[in-house]
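Everything on this sheet refers to the single structure shown next.
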Amino acid sequence: MIKAEKIAELTAAIRKWKEEGKSIGFVPTMGFLHEGHLSLIKKAKSENDAVVVSIFVNPLQFGPNEDFEAYPRSMERDLAVSEDAGADLVFAPDAGEMYKGKPAAAITVTNRVDVLCGKSRPGHFDGVAAVLTKLFHLTQPDRAYFGMKDAQQVAVVKGLVDEFYFPLEIVPVETVRESDGLAKSSRNVYLTEQERAEAPHLQKALQKAAEMAEAGEWDAAKLENQIKDYLNTHTTAEIDYAEVLSYPELAPPAEESKEIILAAAIKFSKARLIDNITLKLKL
């Protein structure tokens, strides 16, 4: 496996693979890899000739009061697990390599960002779009893999790819969970013992609302209240949001909607957790 810290090293490898006619799968990450990331790498390996994993804690997608400095990092471990999962190259630049001097241009995401995480994290998806635009150009992938735990990010990235005609396919991958249903996350290490015991109720709250929807209750407000009531009853966490929207449009559900997302975010003392369930509507 190749470790590339410089853009020139990455592009040299990409050029060689393209000349050989190899397909490229790309898995963008911020490191501190867990089983969820490994499922992305393994899926990419099963569908492509070569797999690139990026490890870059992107400062542009962190707000002023968020955990950029404290975000967990473990490069040596990440390199080992990436290789074991089938990565052919890990691109691990520093911020100076990715953002050289004053930017000449910026990307502003204008759709699908005024709800869910985007509502409480202004500018977050602008930072995501900026770094992915660079990474897509550098890696030239045929397919890029994203976990559905952050379903809003998947929707925003699909919009970015469609808007700028990137010649690649976005591949959503099902969320990987602990045995008790908690979604795998690098931030789970911040949970106290009590918070870790409460955390699985985030998924359970969504499941209760999904059961209501599948039984015929499609009123978004009633489903959202079900999620909030369950979380308030079973956790000490602060509810950031609980929303039911069309997917991937992330708009209020309408008669023509084909799929909805039930999504919620909660805040514990040092960790903010997100989760969701998507449902196909019965036409």
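So you can find residues: chains in the structure tokens are A, B, ... in the order shown, residues in each start at 1, and ligands are numbered from 1 in order.
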Check the DSSP output for the backbone and give back, as an MDAnalysis selection string, the residues of range 20-234 of chain A in strand (DSSP E or B).
chainID A and resid 24:29 50:55 89:91 143:147 169:173 177 183
Of the residues A:Lys222, A:Arg73, A:Arg177, A:Lys280, which is the one nearest to Gln203 in chain A, using only C-alpha atoms?
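With only C-alpha atoms as the atom set, the closest residue is A:Arg177.
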Neighbours of Thr235 in chain A within 8 Å (only C-alpha atoms; same-chain residues fewer than 5 positions away dropped), as a compact mmCIF listing (two decimals) with C-alpha atoms, in the first residue's frame?
```txt
# COMPACT_ATOMS: atom_id res chain seq x y z
CA GLU A 198 -28.40 5.70 26.91
CA ALA A 199 -27.02 6.25 23.41
CA HIS A 201 -32.08 4.87 22.46
```
Using only C-alpha atoms, determine which residues lie at most 10 Å from range 10-20 of chain A, disregarding the query and same-chain residues fewer than 3 positions distant; provide the list as a compact mmCIF listing (two decimals) with C-alpha atoms, in the first residue's frame.
```txt
# COMPACT_ATOMS: atom_id res chain seq x y z
CA ILE A 2 1.18 3.49 -0.88
CA LYS A 3 1.10 6.34 1.66
CA ALA A 4 1.02 9.71 -0.07
CA GLU A 5 1.32 12.95 1.87
CA LYS A 6 1.84 15.20 -1.16
CA ILE A 7 -0.55 15.89 -4.01
CA SER A 23 -11.20 1.65 -12.13
CA ILE A 24 -10.77 3.69 -8.95
CA ASP A 49 -9.46 -2.27 -9.34
CA ALA A 50 -7.80 0.26 -7.02
CA VAL A 52 -7.86 5.34 -2.48
CA ASP A 88 -4.13 0.52 -2.33
CA LEU A 89 -3.24 4.11 -1.43
CA VAL A 90 -3.84 6.34 1.58
CA PHE A 91 -3.69 10.06 0.92
CA ALA A 92 -2.85 11.83 4.19
CA PRO A 93 -2.04 15.49 3.49
CA HIS A 137 -10.40 16.25 -8.92
CA LEU A 138 -7.23 14.78 -7.45
CA THR A 139 -8.36 11.15 -7.15
CA GLN A 140 -10.49 11.02 -10.33
CA PRO A 141 -12.58 8.14 -8.97
```
Check which residues of range 136-220 of chain A sit at most 12 Å from range 26-29 of chain A using only C-alpha atoms, and return one row each with the closest pair of atoms and their distance in Å to one decimal, ordered by chain and rising number, as a tab-separated table.
```
residue	atom	partner	partner_atom	distance
A:Phe136	CA	A:Phe26	CA	8.4
A:His137	CA	A:Phe26	CA	11.4
A:Leu138	CA	A:Phe26	CA	10.6
A:Thr139	CA	A:Phe26	CA	7.3
A:Gln140	CA	A:Phe26	CA	8.6
A:Pro141	CA	A:Phe26	CA	5.9
A:Asp142	CA	A:Phe26	CA	8.0
A:Arg143	CA	A:Phe26	CA	6.3
A:Ala144	CA	A:Phe26	CA	4.6
A:Tyr145	CA	A:Val27	CA	5.3
A:Phe146	CA	A:Val27	CA	7.1
A:Gly147	CA	A:Val27	CA	9.7
A:Val157	CA	A:Pro28	CA	11.8
A:Leu168	CA	A:Phe26	CA	10.0
A:Glu169	CA	A:Phe26	CA	10.3
A:Ile170	CA	A:Phe26	CA	9.7
A:Val171	CA	A:Phe26	CA	10.0
A:Pro172	CA	A:Val27	CA	11.1
A:Val173	CA	A:Val27	CA	11.1
A:Ser185	CA	A:Thr29	CA	11.8
A:Ser186	CA	A:Thr29	CA	10.8
```
Save out the residues we just selected, N, CA and C atoms, as a PDB file, in the first residue's frame.
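Saved to part.pdb:
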```pdb
ATOM      1  N   PHE A 136     -12.092  15.018  -5.261  1.00  0.00           N
ATOM      2  CA  PHE A 136     -12.624  14.373  -6.466  1.00  0.00           C
ATOM      3  C   PHE A 136     -11.740  14.666  -7.675  1.00  0.00           C
ATOM      4  N   HIS A 137     -11.279  15.901  -7.792  1.00  0.00           N
ATOM      5  CA  HIS A 137     -10.403  16.246  -8.915  1.00  0.00           C
ATOM      6  C   HIS A 137      -9.069  15.506  -8.822  1.00  0.00           C
ATOM      7  N   LEU A 138      -8.543  15.394  -7.623  1.00  0.00           N
ATOM      8  CA  LEU A 138      -7.226  14.775  -7.448  1.00  0.00           C
ATOM      9  C   LEU A 138      -7.264  13.263  -7.626  1.00  0.00           C
ATOM     10  N   THR A 139      -8.313  12.607  -7.108  1.00  0.00           N
ATOM     11  CA  THR A 139      -8.357  11.145  -7.151  1.00  0.00           C
ATOM     12  C   THR A 139      -9.021  10.600  -8.412  1.00  0.00           C
ATOM     13  N   GLN A 140      -9.818  11.418  -9.090  1.00  0.00           N
ATOM     14  CA  GLN A 140     -10.495  11.024 -10.335  1.00  0.00           C
ATOM     15  C   GLN A 140     -11.184   9.651 -10.211  1.00  0.00           C
ATOM     16  N   PRO A 141     -12.011   9.469  -9.190  1.00  0.00           N
ATOM     17  CA  PRO A 141     -12.585   8.140  -8.971  1.00  0.00           C
ATOM     18  C   PRO A 141     -13.739   7.832  -9.917  1.00  0.00           C
ATOM     19  N   ASP A 142     -13.958   6.555 -10.134  1.00  0.00           N
ATOM     20  CA  ASP A 142     -15.164   6.116 -10.826  1.00  0.00           C
ATOM     21  C   ASP A 142     -16.338   6.071  -9.855  1.00  0.00           C
ATOM     22  N   ARG A 143     -16.028   5.768  -8.589  1.00  0.00           N
ATOM     23  CA  ARG A 143     -17.059   5.672  -7.554  1.00  0.00           C
ATOM     24  C   ARG A 143     -16.492   6.221  -6.244  1.00  0.00           C
ATOM     25  N   ALA A 144     -17.345   6.923  -5.478  1.00  0.00           N
ATOM     26  CA  ALA A 144     -16.961   7.406  -4.153  1.00  0.00           C
ATOM     27  C   ALA A 144     -17.978   6.892  -3.147  1.00  0.00           C
ATOM     28  N   TYR A 145     -17.498   6.473  -1.975  1.00  0.00           N
ATOM     29  CA  TYR A 145     -18.306   5.725  -1.016  1.00  0.00           C
ATOM     30  C   TYR A 145     -18.524   6.542   0.261  1.00  0.00           C
ATOM     31  N   PHE A 146     -19.801   6.617   0.670  1.00  0.00           N
ATOM     32  CA  PHE A 146     -20.173   7.395   1.852  1.00  0.00           C
ATOM     33  C   PHE A 146     -21.146   6.594   2.709  1.00  0.00           C
ATOM     34  N   GLY A 147     -20.972   6.668   4.032  1.00  0.00           N
ATOM     35  CA  GLY A 147     -21.872   5.978   4.939  1.00  0.00           C
ATOM     36  C   GLY A 147     -23.184   6.721   5.106  1.00  0.00           C
ATOM     37  N   VAL A 157     -23.736  15.733  -1.093  1.00  0.00           N
ATOM     38  CA  VAL A 157     -22.670  15.345  -2.029  1.00  0.00           C
ATOM     39  C   VAL A 157     -23.268  14.932  -3.368  1.00  0.00           C
ATOM     40  N   LEU A 168     -18.537  10.679 -11.820  1.00  0.00           N
ATOM     41  CA  LEU A 168     -18.370   9.613 -10.841  1.00  0.00           C
ATOM     42  C   LEU A 168     -19.722   9.254 -10.242  1.00  0.00           C
ATOM     43  N   GLU A 169     -19.771   8.081  -9.643  1.00  0.00           N
ATOM     44  CA  GLU A 169     -20.987   7.590  -8.991  1.00  0.00           C
ATOM     45  C   GLU A 169     -20.828   7.682  -7.479  1.00  0.00           C
ATOM     46  N   ILE A 170     -21.826   8.242  -6.803  1.00  0.00           N
ATOM     47  CA  ILE A 170     -21.844   8.251  -5.346  1.00  0.00           C
ATOM     48  C   ILE A 170     -22.528   6.971  -4.872  1.00  0.00           C
ATOM     49  N   VAL A 171     -21.823   6.203  -4.047  1.00  0.00           N
ATOM     50  CA  VAL A 171     -22.340   4.917  -3.567  1.00  0.00           C
ATOM     51  C   VAL A 171     -22.633   5.028  -2.066  1.00  0.00           C
ATOM     52  N   PRO A 172     -23.907   5.076  -1.667  1.00  0.00           N
ATOM     53  CA  PRO A 172     -24.245   5.082  -0.238  1.00  0.00           C
ATOM     54  C   PRO A 172     -24.093   3.682   0.345  1.00  0.00           C
ATOM     55  N   VAL A 173     -23.592   3.608   1.572  1.00  0.00           N
ATOM     56  CA  VAL A 173     -23.365   2.319   2.227  1.00  0.00           C
ATOM     57  C   VAL A 173     -24.082   2.326   3.575  1.00  0.00           C
ATOM     58  N   SER A 185     -19.208   5.415  15.444  1.00  0.00           N
ATOM     59  CA  SER A 185     -18.777   6.798  15.247  1.00  0.00           C
ATOM     60  C   SER A 185     -17.466   7.023  15.974  1.00  0.00           C
ATOM     61  N   SER A 186     -16.594   7.827  15.372  1.00  0.00           N
ATOM     62  CA  SER A 186     -15.336   8.175  16.026  1.00  0.00           C
ATOM     63  C   SER A 186     -15.585   8.932  17.321  1.00  0.00           C
TER      64      SER A 186
END
```
Name all residues at most 12 Å from range 239-243 of chain A (count only C-alpha atoms; drop same-chain ones fewer than 2 positions away) and give them as a ChimeraX atom specification.
/A:114-121,152,202-203,205-206,209,219-237,245-247,250-253,260-268,271-278
Choose the residue, out of A:Glu259, A:Glu163, A:Glu47, A:Glu97, that has the smallest atom-to-atom separation from Val131 in chain A; count only C-alpha atoms.
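Closest residue, counting only C-alpha atoms: A:Glu97.
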Using backbone DSSP assignments, extract all alpha helix (DSSP H) residues from range 98-282 of chain A; output them as a VMD selection string.
chain A and resid 98 116 to 120 124 to 139 151 to 164 193 to 198 201 to 214 220 to 234
Show me, as a list of chain:residue names, the residues that have an atom within 9 Å of Ala95 in chain A when counting only C-alpha atoms, minus same-chain residues fewer than 3 positions from it.
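Listed by chain and then number, they are A:Phe56, A:Val57, A:Asn58, A:Pro59, A:Met98, A:Tyr99, A:Lys100.
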